[in-house]
>>> print(open('query_4.tsv').read())   # TSV, C-alpha atoms
chain	number	residue	atom	x	y	z
I	1	MET	CA	-111.89	-33.92	-20.46
I	2	ASN	CA	-114.44	-35.40	-18.07
I	3	LYS	CA	-115.39	-33.32	-15.05
I	4	GLN	CA	-115.33	-35.14	-11.73
I	5	LYS	CA	-117.05	-33.95	-8.56
I	6	LYS	CA	-117.12	-35.01	-4.95
I	7	ARG	CA	-120.10	-37.30	-4.70
I	8	ILE	CA	-122.04	-39.23	-2.08
I	9	PRO	CA	-121.80	-42.89	-3.21
I	10	SER	CA	-125.11	-44.51	-4.05
I	11	VAL	CA	-124.19	-47.38	-1.73
I	12	ALA	CA	-124.23	-44.92	1.16
I	13	LEU	CA	-127.66	-43.72	0.10
I	14	VAL	CA	-128.95	-47.29	-0.04
I	15	LEU	CA	-127.62	-48.02	3.45
I	16	ALA	CA	-129.12	-44.79	4.71
I	17	SER	CA	-132.47	-45.76	3.22
I	18	GLY	CA	-132.49	-48.92	5.34
I	19	LEU	CA	-132.00	-46.88	8.49
I	20	ILE	CA	-134.61	-44.37	7.40
I	21	GLY	CA	-137.07	-47.08	6.43
I	22	SER	CA	-136.86	-48.63	9.88
I	23	SER	CA	-137.73	-45.38	11.65
I	24	ALA	CA	-139.57	-43.20	9.15
I	25	TYR	CA	-143.03	-44.05	10.36
I	26	ALA	CA	-142.32	-44.34	14.07
I	27	ASP	CA	-143.62	-40.82	14.65
I	28	GLN	CA	-145.76	-39.26	11.96
I	29	ASN	CA	-145.64	-35.92	13.80
I	30	ALA	CA	-141.92	-35.83	13.01
I	31	GLY	CA	-142.59	-35.80	9.26
I	32	LYS	CA	-141.88	-38.46	6.65
I	33	PHE	CA	-138.72	-39.83	5.05
I	34	PHE	CA	-138.95	-41.32	1.57
I	35	GLY	CA	-136.73	-42.93	-1.03
I	36	ASP	CA	-136.78	-43.82	-4.73
I	37	PHE	CA	-134.19	-46.00	-6.51
I	38	ARG	CA	-133.84	-47.05	-10.15
I	39	LEU	CA	-131.24	-49.39	-11.66
I	40	ARG	CA	-131.23	-49.18	-15.45
I	41	TYR	CA	-129.33	-50.65	-18.37
I	42	GLU	CA	-129.43	-48.69	-21.63
I	43	THR	CA	-127.79	-49.37	-24.98
I	44	VAL	CA	-127.63	-47.22	-28.14
I	45	ASP	CA	-126.68	-48.45	-31.63
I	46	GLN	CA	-126.41	-45.79	-34.37
I	47	ASP	CA	-125.48	-46.17	-38.03
I	48	ASN	CA	-122.56	-43.73	-37.87
I	49	ALA	CA	-118.91	-43.52	-36.80
I	50	LEU	CA	-119.70	-43.36	-33.07
I	51	ARG	CA	-119.15	-46.48	-30.98
I	52	ASP	CA	-122.24	-48.21	-29.59
I	53	ALA	CA	-123.05	-46.90	-26.13
I	54	ASP	CA	-123.76	-48.98	-23.00
I	55	ALA	CA	-124.74	-47.70	-19.58
I	56	LEU	CA	-125.67	-49.32	-16.30
I	57	THR	CA	-126.68	-46.57	-13.89
I	58	LEU	CA	-128.18	-46.44	-10.42
I	59	ARG	CA	-130.25	-43.40	-9.51
I	60	SER	CA	-130.94	-42.91	-5.79
I	61	ARG	CA	-133.15	-40.32	-4.15
I	62	LEU	CA	-133.67	-39.77	-0.44
I	63	GLY	CA	-135.89	-37.09	0.99
I	64	TYR	CA	-137.67	-35.74	4.01
I	65	LYS	CA	-141.07	-34.01	4.15
I	66	SER	CA	-141.83	-32.07	7.31
I	67	PRO	CA	-145.17	-32.06	9.10
I	68	THR	CA	-147.47	-29.09	8.41
I	69	TRP	CA	-147.69	-26.17	10.81
I	70	SER	CA	-150.50	-23.64	10.16
I	71	GLY	CA	-150.34	-24.41	6.44
I	72	PHE	CA	-146.51	-24.29	6.22
I	73	SER	CA	-144.30	-27.27	5.38
I	74	ALA	CA	-140.89	-27.99	3.89
I	75	GLN	CA	-139.24	-30.70	1.83
I	76	VAL	CA	-135.66	-31.58	0.95
I	77	GLU	CA	-134.46	-34.32	-1.40
I	78	VAL	CA	-130.97	-35.51	-2.41
I	79	GLU	CA	-130.37	-37.22	-5.76
I	80	ASP	CA	-127.37	-39.33	-6.78
I	81	SER	CA	-126.62	-41.04	-10.09
I	82	THR	CA	-123.75	-43.54	-10.28
I	83	SER	CA	-122.45	-45.26	-13.43
I	84	LEU	CA	-121.58	-48.95	-13.08
I	85	ILE	CA	-120.96	-49.28	-16.83
I	86	ASP	CA	-120.03	-45.96	-18.45
I	87	ASP	CA	-119.33	-46.55	-22.15
I	88	PHE	CA	-121.29	-43.50	-23.28
I	89	SER	CA	-121.07	-39.74	-23.84
I	90	VAL	CA	-123.10	-36.98	-22.16
I	91	PRO	CA	-123.72	-33.54	-23.68
I	92	PRO	CA	-122.92	-30.72	-23.56
I	93	ALA	CA	-119.23	-30.94	-24.49
I	94	GLY	CA	-117.06	-31.44	-21.43
I	95	VAL	CA	-119.56	-33.16	-19.14
I	96	LYS	CA	-118.60	-36.65	-20.34
I	97	THR	CA	-116.81	-36.78	-23.66
I	98	GLY	CA	-115.85	-39.79	-25.75
I	99	GLN	CA	-116.32	-41.59	-29.04
I	100	TYR	CA	-119.59	-43.18	-27.91
I	101	SER	CA	-123.20	-42.37	-28.70
I	102	VAL	CA	-125.06	-40.22	-26.17
I	103	ILE	CA	-126.81	-41.54	-23.08
I	104	ALA	CA	-127.79	-38.47	-21.09
I	105	ASP	CA	-127.22	-39.83	-17.55
I	106	PRO	CA	-124.17	-38.08	-16.02
I	107	GLU	CA	-122.70	-39.03	-12.67
I	108	VAL	CA	-123.89	-36.42	-10.20
I	109	THR	CA	-124.89	-35.85	-6.58
I	110	GLU	CA	-127.02	-32.80	-5.95
I	111	ILE	CA	-129.96	-31.32	-4.09
I	112	ASP	CA	-132.90	-32.39	-6.24
I	113	GLN	CA	-135.57	-30.50	-4.30
I	114	ALA	CA	-135.48	-28.06	-1.39
I	115	PHE	CA	-138.53	-25.87	-0.90
I	116	VAL	CA	-140.88	-24.28	1.60
I	117	GLN	CA	-144.60	-24.56	0.94
I	118	TYR	CA	-147.70	-22.80	2.18
I	119	SER	CA	-151.10	-24.27	1.40
I	120	ASN	CA	-154.72	-23.66	2.32
I	121	ASN	CA	-158.05	-24.50	0.67
I	122	ILE	CA	-157.48	-22.02	-2.15
I	123	VAL	CA	-153.78	-21.17	-2.52
I	124	THR	CA	-150.62	-23.28	-2.67
I	125	THR	CA	-147.22	-21.56	-2.85
I	126	LYS	CA	-143.82	-23.23	-3.22
I	127	LEU	CA	-140.54	-21.34	-2.88
I	128	GLY	CA	-137.21	-22.96	-3.70
I	129	ARG	CA	-135.93	-25.84	-5.87
I	130	GLN	CA	-138.81	-28.03	-6.98
I	131	VAL	CA	-140.35	-30.39	-9.51
I	132	PHE	CA	-142.80	-28.36	-11.59
I	133	THR	CA	-144.96	-29.71	-14.43
I	134	LEU	CA	-148.00	-28.55	-16.39
I	135	ASP	CA	-150.47	-30.12	-18.83
I	136	GLY	CA	-148.84	-33.40	-19.73
I	137	HIS	CA	-145.29	-31.93	-19.76
I	138	ARG	CA	-145.42	-30.61	-23.35
I	139	PHE	CA	-144.12	-27.20	-22.32
I	140	ILE	CA	-143.16	-27.56	-18.63
I	141	GLY	CA	-141.86	-30.96	-17.44
I	142	HIS	CA	-139.45	-32.78	-15.13
I	143	VAL	CA	-137.84	-35.15	-17.69
I	144	GLY	CA	-138.28	-37.90	-15.11
I	145	TRP	CA	-137.17	-40.57	-17.57
I	146	ARG	CA	-133.54	-39.47	-17.22
I	147	GLN	CA	-131.64	-40.35	-14.04
I	148	ASP	CA	-130.90	-36.68	-13.23
I	149	ARG	CA	-134.37	-35.24	-13.62
I	150	GLN	CA	-135.10	-31.57	-14.34
I	151	THR	CA	-136.13	-29.22	-11.55
I	152	PHE	CA	-136.49	-25.45	-11.26
I	153	ASP	CA	-135.44	-22.79	-8.76
I	154	GLY	CA	-138.14	-20.20	-8.19
I	155	VAL	CA	-141.61	-19.60	-6.85
I	156	VAL	CA	-144.81	-21.30	-8.00
I	157	VAL	CA	-148.28	-20.11	-6.93
I	158	SER	CA	-151.42	-22.09	-7.68
I	159	VAL	CA	-154.87	-20.62	-6.94
I	160	ARG	CA	-157.99	-22.77	-7.04
I	161	PRO	CA	-161.02	-20.72	-6.00
I	162	SER	CA	-163.45	-23.45	-7.11
I	163	GLU	CA	-163.51	-27.02	-8.43
I	164	SER	CA	-163.58	-25.64	-11.97
I	165	TRP	CA	-160.88	-22.94	-12.00
I	166	THR	CA	-157.13	-23.26	-11.44
I	167	THR	CA	-154.58	-20.52	-12.09
I	168	THR	CA	-150.86	-21.25	-11.87
I	169	ALA	CA	-148.19	-18.56	-12.01
I	170	ALA	CA	-144.45	-19.08	-11.62
I	171	TYR	CA	-141.16	-17.23	-11.78
I	172	ILE	CA	-138.10	-19.40	-12.53
I	173	ASN	CA	-134.57	-18.07	-12.08
I	174	LYS	CA	-132.69	-21.31	-12.69
I	175	ARG	CA	-133.27	-24.38	-14.83
I	176	ASN	CA	-131.60	-27.42	-13.26
I	177	ARG	CA	-131.33	-29.57	-16.36
I	178	ILE	CA	-130.65	-33.28	-16.86
I	179	PHE	CA	-126.95	-32.90	-17.71
I	180	ALA	CA	-125.67	-32.19	-14.15
I	181	GLU	CA	-124.82	-28.83	-12.66
I	182	GLU	CA	-122.35	-27.82	-15.40
I	183	ALA	CA	-125.24	-27.42	-17.82
I	184	ASP	CA	-127.75	-25.66	-15.53
I	185	ILE	CA	-129.05	-22.34	-16.87
I	186	ASP	CA	-129.75	-19.11	-14.99
I	187	SER	CA	-132.99	-17.75	-16.38
I	188	ASP	CA	-135.71	-15.13	-16.15
I	189	ASP	CA	-138.78	-17.24	-16.96
I	190	ILE	CA	-142.39	-16.22	-16.36
I	191	ILE	CA	-145.09	-18.90	-16.47
I	192	LEU	CA	-148.87	-18.33	-16.51
I	193	ASN	CA	-151.44	-21.11	-16.95
I	194	VAL	CA	-155.21	-20.81	-16.46
I	195	ALA	CA	-157.40	-23.95	-16.57
I	196	TYR	CA	-161.18	-24.34	-16.55
I	197	GLN	CA	-162.72	-27.79	-16.08
I	198	THR	CA	-165.98	-28.38	-17.93
I	199	LYS	CA	-168.18	-31.47	-17.94
I	200	VAL	CA	-166.59	-32.69	-21.19
I	201	GLY	CA	-162.98	-31.59	-20.80
I	202	LYS	CA	-160.41	-29.09	-19.60
I	203	LEU	CA	-159.86	-25.77	-21.35
I	204	VAL	CA	-156.42	-24.22	-20.78
I	205	GLY	CA	-154.91	-20.91	-21.80
I	206	TYR	CA	-151.23	-20.22	-21.22
I	207	GLY	CA	-148.37	-17.83	-21.69
I	208	TYR	CA	-144.71	-18.88	-21.24
I	209	LEU	CA	-142.12	-16.10	-21.47
I	210	LEU	CA	-138.62	-17.62	-21.34
I	211	GLU	CA	-135.18	-16.03	-21.33
I	212	GLN	CA	-131.67	-17.15	-20.43
I	213	ASP	CA	-129.74	-14.59	-18.37
I	214	GLU	CA	-126.50	-14.91	-20.33
I	215	ASN	CA	-128.19	-15.02	-23.72
I	216	PRO	CA	-130.80	-12.28	-24.25
I	217	SER	CA	-131.27	-13.45	-27.84
I	218	SER	CA	-132.75	-16.67	-26.40
I	219	GLU	CA	-136.00	-14.86	-25.57
I	220	LEU	CA	-138.90	-17.20	-26.36
I	221	ASP	CA	-142.52	-16.11	-25.91
I	222	THR	CA	-145.30	-18.68	-26.34
I	223	LEU	CA	-149.06	-18.13	-26.12
I	224	GLY	CA	-151.49	-21.00	-26.53
I	225	VAL	CA	-154.77	-22.72	-25.79
I	226	SER	CA	-155.72	-26.39	-25.44
I	227	PHE	CA	-158.78	-28.54	-24.83
I	228	THR	CA	-158.57	-32.15	-23.64
I	229	GLY	CA	-161.28	-34.46	-22.44
I	230	THR	CA	-163.27	-37.67	-22.63
I	231	THR	CA	-166.86	-38.63	-23.26
I	232	LEU	CA	-168.76	-41.91	-23.10
I	233	VAL	CA	-170.37	-43.35	-26.21
I	234	ALA	CA	-172.10	-46.71	-25.67
I	235	ASP	CA	-169.43	-49.01	-24.18
I	236	SER	CA	-166.50	-46.88	-25.30
I	237	LYS	CA	-164.69	-43.87	-23.90
I	238	ILE	CA	-163.85	-41.31	-26.57
I	239	LEU	CA	-160.66	-39.25	-26.08
I	240	TYR	CA	-159.84	-35.89	-27.68
I	241	ASP	CA	-156.96	-33.46	-27.43
I	242	VAL	CA	-156.72	-30.21	-29.43
I	243	GLU	CA	-154.05	-27.55	-28.99
I	244	TYR	CA	-152.73	-24.45	-30.75
I	245	ALA	CA	-149.86	-22.13	-29.81
I	246	THR	CA	-147.92	-19.32	-31.41
I	247	GLN	CA	-144.30	-18.53	-30.60
I	248	ASP	CA	-142.02	-15.53	-31.04
I	249	LYS	CA	-138.25	-16.12	-30.96
I	250	ALA	CA	-136.29	-13.02	-29.92
I	251	GLY	CA	-138.54	-10.85	-32.08
I	252	ALA	CA	-136.99	-12.40	-35.18
I	253	PHE	CA	-138.99	-15.56	-35.95
I	254	ASP	CA	-142.66	-16.53	-35.63
I	255	THR	CA	-143.73	-20.17	-35.51
I	256	ASP	CA	-146.89	-22.12	-34.66
I	257	TYR	CA	-147.76	-25.36	-32.90
I	258	VAL	CA	-150.76	-27.59	-33.65
I	259	LYS	CA	-151.88	-30.84	-32.06
I	260	LEU	CA	-154.91	-32.91	-33.02
I	261	GLU	CA	-155.46	-36.25	-31.30
I	262	GLY	CA	-158.39	-38.61	-31.04
I	263	GLY	CA	-158.71	-41.94	-29.29
I	264	VAL	CA	-160.96	-44.66	-27.97
I	265	VAL	CA	-160.88	-46.93	-24.92
I	266	ASN	CA	-162.76	-50.20	-25.28
I	267	ALA	CA	-162.40	-53.77	-24.00
I	268	GLY	CA	-159.20	-52.96	-22.12
I	269	LEU	CA	-157.46	-51.41	-25.13
I	270	THR	CA	-156.60	-47.75	-25.71
I	271	ALA	CA	-155.99	-46.57	-29.28
I	272	LYS	CA	-154.89	-43.06	-30.24
I	273	LEU	CA	-154.31	-41.41	-33.61
I	274	GLY	CA	-152.82	-37.94	-33.80
I	275	VAL	CA	-150.70	-35.36	-35.51
I	276	GLU	CA	-148.35	-32.88	-33.88
I	277	ILE	CA	-146.89	-30.01	-35.92
I	278	LEU	CA	-144.02	-27.89	-34.64
I	279	GLY	CA	-143.99	-25.26	-37.35
I	280	SER	CA	-141.17	-23.44	-39.11
I	281	ASP	CA	-140.58	-19.84	-40.11
I	282	ASP	CA	-139.59	-20.43	-43.74
I	283	GLY	CA	-136.95	-22.98	-42.73
I	284	GLN	CA	-135.07	-20.48	-40.55
I	285	ALA	CA	-136.30	-21.60	-37.10
I	286	GLY	CA	-138.58	-24.28	-35.69
I	287	PHE	CA	-141.09	-24.15	-32.83
I	288	SER	CA	-139.35	-25.28	-29.62
I	289	THR	CA	-140.27	-26.34	-26.07
I	290	PRO	CA	-136.99	-26.23	-24.08
I	291	LEU	CA	-138.57	-26.87	-20.65
I	292	ALA	CA	-140.61	-29.90	-21.74
I	293	THR	CA	-140.22	-33.58	-20.94
I	294	LEU	CA	-139.06	-34.01	-24.53
I	295	HIS	CA	-138.48	-37.78	-24.35
I	296	LYS	CA	-142.23	-38.22	-23.97
I	297	PHE	CA	-142.93	-36.75	-27.42
I	298	ASN	CA	-141.88	-37.44	-31.03
I	299	GLY	CA	-140.41	-40.88	-30.43
I	300	TRP	CA	-138.23	-42.41	-27.72
I	301	SER	CA	-135.07	-42.45	-29.83
I	302	ASP	CA	-134.84	-38.70	-29.07
I	303	GLN	CA	-134.13	-37.62	-32.64
I	304	PHE	CA	-136.03	-34.36	-32.25
I	305	LEU	CA	-135.11	-33.01	-28.82
I	306	ALA	CA	-134.26	-29.87	-30.77
I	307	THR	CA	-136.83	-29.06	-33.44
I	308	PRO	CA	-135.23	-28.83	-36.91
I	309	ASN	CA	-135.23	-25.36	-38.46
I	310	ALA	CA	-137.50	-26.84	-41.11
I	311	GLY	CA	-140.03	-27.77	-38.40
I	312	LEU	CA	-141.50	-31.15	-37.61
I	313	GLU	CA	-144.73	-32.98	-38.46
I	314	ASP	CA	-145.30	-36.14	-36.44
I	315	ILE	CA	-148.21	-38.39	-37.44
I	316	TYR	CA	-148.53	-41.15	-34.85
I	317	PHE	CA	-150.60	-44.13	-33.77
I	318	LYS	CA	-150.51	-45.63	-30.27
I	319	LEU	CA	-152.03	-48.80	-28.88
I	320	ALA	CA	-151.93	-49.78	-25.20
I	321	GLY	CA	-153.34	-52.50	-22.97
I	322	SER	CA	-152.71	-54.88	-20.08
I	323	LEU	CA	-150.90	-58.24	-20.02
I	324	ALA	CA	-149.80	-60.61	-17.25
I	325	GLY	CA	-150.31	-58.07	-14.50
I	326	GLY	CA	-148.46	-55.31	-16.34
I	327	LYS	CA	-149.03	-52.72	-19.04
I	328	TRP	CA	-147.83	-52.66	-22.65
I	329	LEU	CA	-147.61	-49.86	-25.19
I	330	ALA	CA	-146.81	-49.82	-28.91
I	331	ALA	CA	-146.43	-46.68	-31.03
I	332	TYR	CA	-145.60	-45.78	-34.63
I	333	HIS	CA	-144.39	-42.33	-35.74
I	334	ASP	CA	-144.08	-40.99	-39.27
I	335	PHE	CA	-141.92	-37.83	-39.37
I	336	SER	CA	-141.65	-35.11	-41.97
I	337	SER	CA	-140.50	-31.51	-42.02
I	338	ASP	CA	-143.01	-28.66	-41.91
I	339	VAL	CA	-141.30	-27.05	-44.90
I	340	ALA	CA	-139.26	-28.87	-47.54
I	341	GLN	CA	-135.46	-28.68	-47.55
I	342	ALA	CA	-133.76	-29.09	-50.95
I	343	GLY	CA	-137.13	-30.26	-52.25
I	344	VAL	CA	-137.54	-33.13	-49.77
I	345	SER	CA	-139.30	-33.50	-46.40
I	346	ASP	CA	-138.93	-37.12	-45.19
I	347	LEU	CA	-137.55	-37.15	-41.62
I	348	GLY	CA	-137.95	-40.91	-41.16
I	349	ASP	CA	-140.18	-43.12	-39.04
I	350	GLU	CA	-139.98	-44.91	-35.70
I	351	ILE	CA	-141.45	-47.82	-33.75
I	352	ASN	CA	-141.66	-47.80	-29.93
I	353	LEU	CA	-142.46	-50.81	-27.70
I	354	GLN	CA	-142.75	-50.94	-23.90
I	355	TYR	CA	-143.82	-53.28	-21.11
I	356	THR	CA	-143.93	-52.26	-17.42
I	357	ARG	CA	-145.06	-54.12	-14.34
I	358	GLY	CA	-145.52	-53.23	-10.72
I	359	ILE	CA	-144.41	-56.15	-8.54
I	360	ASN	CA	-145.91	-54.76	-5.34
I	361	LYS	CA	-146.29	-51.31	-3.82
I	362	TYR	CA	-142.51	-51.06	-3.40
I	363	PHE	CA	-140.97	-52.64	-6.52
I	364	SER	CA	-141.46	-52.30	-10.28
I	365	ALA	CA	-139.67	-53.23	-13.51
I	366	GLY	CA	-139.83	-52.52	-17.21
I	367	ILE	CA	-138.34	-52.91	-20.66
I	368	LYS	CA	-138.67	-50.75	-23.75
I	369	TYR	CA	-137.25	-50.56	-27.25
I	370	SER	CA	-137.09	-47.90	-29.94
I	371	THR	CA	-136.01	-48.27	-33.56
I	372	TYR	CA	-135.70	-45.22	-35.81
I	373	SER	CA	-135.24	-45.37	-39.59
I	374	ALA	CA	-133.77	-42.22	-41.11
I	375	GLY	CA	-135.39	-40.35	-44.02
I	376	ASP	CA	-133.82	-38.04	-46.58
I	377	THR	CA	-130.06	-37.63	-46.08
I	378	VAL	CA	-130.22	-33.81	-46.28
I	379	PHE	CA	-131.49	-33.80	-42.67
I	380	GLY	CA	-128.42	-35.59	-41.32
I	381	LYS	CA	-130.25	-38.33	-39.39
I	382	VAL	CA	-129.06	-41.95	-39.10
I	383	ASP	CA	-130.75	-45.25	-38.22
I	384	THR	CA	-130.84	-45.65	-34.42
I	385	ASP	CA	-131.82	-48.49	-32.08
I	386	LYS	CA	-132.19	-48.08	-28.31
I	387	LEU	CA	-133.00	-50.60	-25.58
I	388	TRP	CA	-133.74	-50.03	-21.88
I	389	VAL	CA	-134.23	-52.53	-19.04
I	390	TRP	CA	-134.81	-51.31	-15.49
I	391	ALA	CA	-135.94	-52.13	-11.98
I	392	GLY	CA	-137.16	-49.67	-9.36
I	393	ALA	CA	-137.90	-49.55	-5.64
I	394	LYS	CA	-139.48	-46.87	-3.50
I	395	PHE	CA	-140.78	-46.32	0.01
>>> encode(input="query_4.tsv", output="C-alpha cells")
Amino acid sequence: MNKQKKRIPSVALVLASGLIGSSAYADQNAGKFFGDFRLRYETVDQDNALRDADALTLRSRLGYKSPTWSGFSAQVEVEDSTSLIDDFSVPPAGVKTGQYSVIADPEVTEIDQAFVQYSNNIVTTKLGRQVFTLDGHRFIGHVGWRQDRQTFDGVVVSVRPSESWTTTAAYINKRNRIFAEEADIDSDDIILNVAYQTKVGKLVGYGYLLEQDENPSSELDTLGVSFTGTTLVADSKILYDVEYATQDKAGAFDTDYVKLEGGVVNAGLTAKLGVEILGSDDGQAGFSTPLATLHKFNGWSDQFLATPNAGLEDIYFKLAGSLAGGKWLAAYHDFSSDVAQAGVSDLGDEINLQYTRGINKYFSAGIKYSTYSAGDTVFGKVDTDKLWVWAGAKF
C-alpha cells in the first residue's frame, strides 16, 4: 500500500520562485533567497520478472539564507519531489510498492535543511538539519543524484587553525535518507576527520562510529587513512589516490577497505585506472559505507549499494573530456567478489556513459546511460540497463 502525505505542489514552488527571484536581490542586507529545480526522466530495464520502470520527476528546492550577525547566520530550505510519470517502485517496502523495477525517487515534501551557523576565521559550527559531506563522499555524502537527497540532523564543527590543518567533528542523531521520511533513521553517529594539506597532496585520518538507535547490533566502527593529490610532470598532471580502512561490525565481523587509483591529465583528457576493494570476513559480512553517496561508486546501475557478504573488488577505467561546450565521461567496471562463493567470483561488468552541459549560469542539462552484465548466477544479479535525461535551473 502506497503512503500518501500532504504535500506542497511543485507548481506552487515554481510560482513562488518567480516571486522570490524578482525580489531576492533588492536588499542584500535582508539575506538571500535561492532555488534549484531538476526535471528528470529515468528508465530501468532488468532481465527479470519485474516490469520495466519509467519515471518523470520534478525536484524543487527553495531556500533562504540570512545575513550574518557577529558570525551567526541561519538557513532554511524546502524540498519537493513530484512524479509526473510514476511507473516505478521505491524501497523500503511500503513507500511505493508495485511490480516495477526500483527508481528511488519518492514523492515527498520536507524540510531539506534548517540550521544555525556560527563562523569565524578558525571555527565553523552548524547546528540542525544540514547537508554534510567529507572526502569525495565515500563515507559521508548527500546522495545528491537522487531527487530527495540525504541530509543529517546534528551538529558539525570544523576547526581550521592554519591553511594546512582542518579538523571536522560531528554528532548525528538522525539520518534523513533518500526514501522519504518513512525510511529516516534515528542514530547515534560520531564523526571525526583530520586533514593535513601538503605540497603534493592531502593526508586524512578518520574515525566513523555509527549506530542506529533501534538496532544496537548495527554498530559500525571504521578507522582509516587516505592520501590524494596531484603533481606536474612535463606537460601532464599526475593524479594519485590511496586509501585504507578497517571496519568492525557489532564486534562480530572485521573487514578492510583498500583503494588504489592513478591518473593523468593531458591535452584536455583525464584518464584514471583504479581498484577498490570492499573486503569480506570469510563470506559472512562485507565492508559497508551506509552514509556514502553510493551512486557515485561501483557503477551507476547501483548493483552494489549494499556490499555483498562475499565482498566486492571493482577494477575500473575512466576517461573524461570536453565536447561542444559540455563535458563527457566514459567508465568501465569489472566486478568480482573478495572471496569466492561456491567456487566462483564473477560479479559482472558495467559500462557508464555521460554528457552534461551548462547552458548559462542558470540552466543545465545532461544525459547518461549505464549497462550492467551479470556474472555468475550464484550472486543473484541480472542484466540491467538504465537511462537518464534531465534539465536543471537554479538561481
>>> closest_residue(input="query_4.tsv", among="I:Asp148, I:Phe132, I:Ala74, I:Gly380", to="Phe37 of chain I", atoms="all atoms listed in the file")
I:Asp148
>>> residues_around(input="query_4.tsv", residues="Tyr41 of chain I", least_positions_apart="4", cutoff="7 Å", atoms="only C-alpha atoms", output="number ranges by chain")
I: 55-57, 388-390
>>> residues_around(input="query_4.tsv", residues="Leu305 of chain I", least_positions_apart="2", cutoff="12 Å", atoms="only C-alpha atoms", output="number ranges by chain")
I: 104, 138, 143, 278, 286-303, 307-308, 311-312
>>> residues_around(input="query_4.tsv", residues="Arg175 of chain I", least_positions_apart="6", cutoff="7 Å", atoms="all atoms listed in the file", output="JSON, numbers by chain")
{"I": [151, 152, 153, 184, 185, 186, 187]}
>>> residues_around(input="query_4.tsv", residues="Lys318 of chain I", least_positions_apart="3", cutoff="7 Å", atoms="only C-alpha atoms", output="list in words")
Ala271, Lys272, Leu273, Ala330, Ala331 and Tyr332 of chain I
>>> closest_residue(input="query_4.tsv", among="I:Tyr257, I:Asp47, I:Arg59, I:Trp69", to="Gly144 of chain I", atoms="all atoms listed in the file")
I:Arg59
>>> residues_around(input="query_4.tsv", residues="Leu323 of chain I", least_positions_apart="4", cutoff="10 Å", atoms="all atoms listed in the file", output="PDB file with C-alpha atoms, keeping the file's coordinate frame")
ATOM      1  CA  LYS I 327    -149.030 -52.720 -19.040  1.00  0.00           C
ATOM      2  CA  TRP I 328    -147.830 -52.660 -22.650  1.00  0.00           C
ATOM      3  CA  TYR I 355    -143.820 -53.280 -21.110  1.00  0.00           C
ATOM      4  CA  THR I 356    -143.930 -52.260 -17.420  1.00  0.00           C
ATOM      5  CA  ARG I 357    -145.060 -54.120 -14.340  1.00  0.00           C
TER       6      ARG I 357
END
>>> closest_residue(input="query_4.tsv", among="I:Asp241, I:Glu77, I:Asp52, I:Asp189", to="Leu210 of chain I", atoms="only C-alpha atoms")
I:Asp189
>>> atom_distance(input="query_4.tsv", atom1="atom CA of Leu239 of chain I", atom2="atom CA of Ala306 of chain I")
28.4 Å
>>> atom_distance(input="query_4.tsv", atom1="atom CA of Tyr171 of chain I", atom2="atom CA of Asn121 of chain I")
22.2 Å
>>> atom_distance(input="query_4.tsv", atom1="atom CA of Ser119 of chain I", atom2="atom CA of Gly136 of chain I")
23.1 Å
>>> closest_residue(input="query_4.tsv", among="I:Val264, I:Leu62, I:Ile122, I:Leu84", to="Thr109 of chain I", atoms="all atoms listed in the file")
I:Leu62
>>> closest_residue(input="query_4.tsv", among="I:Ser236, I:Thr125, I:Gln130, I:Thr371", to="Val156 of chain I", atoms="only C-alpha atoms")
I:Thr125
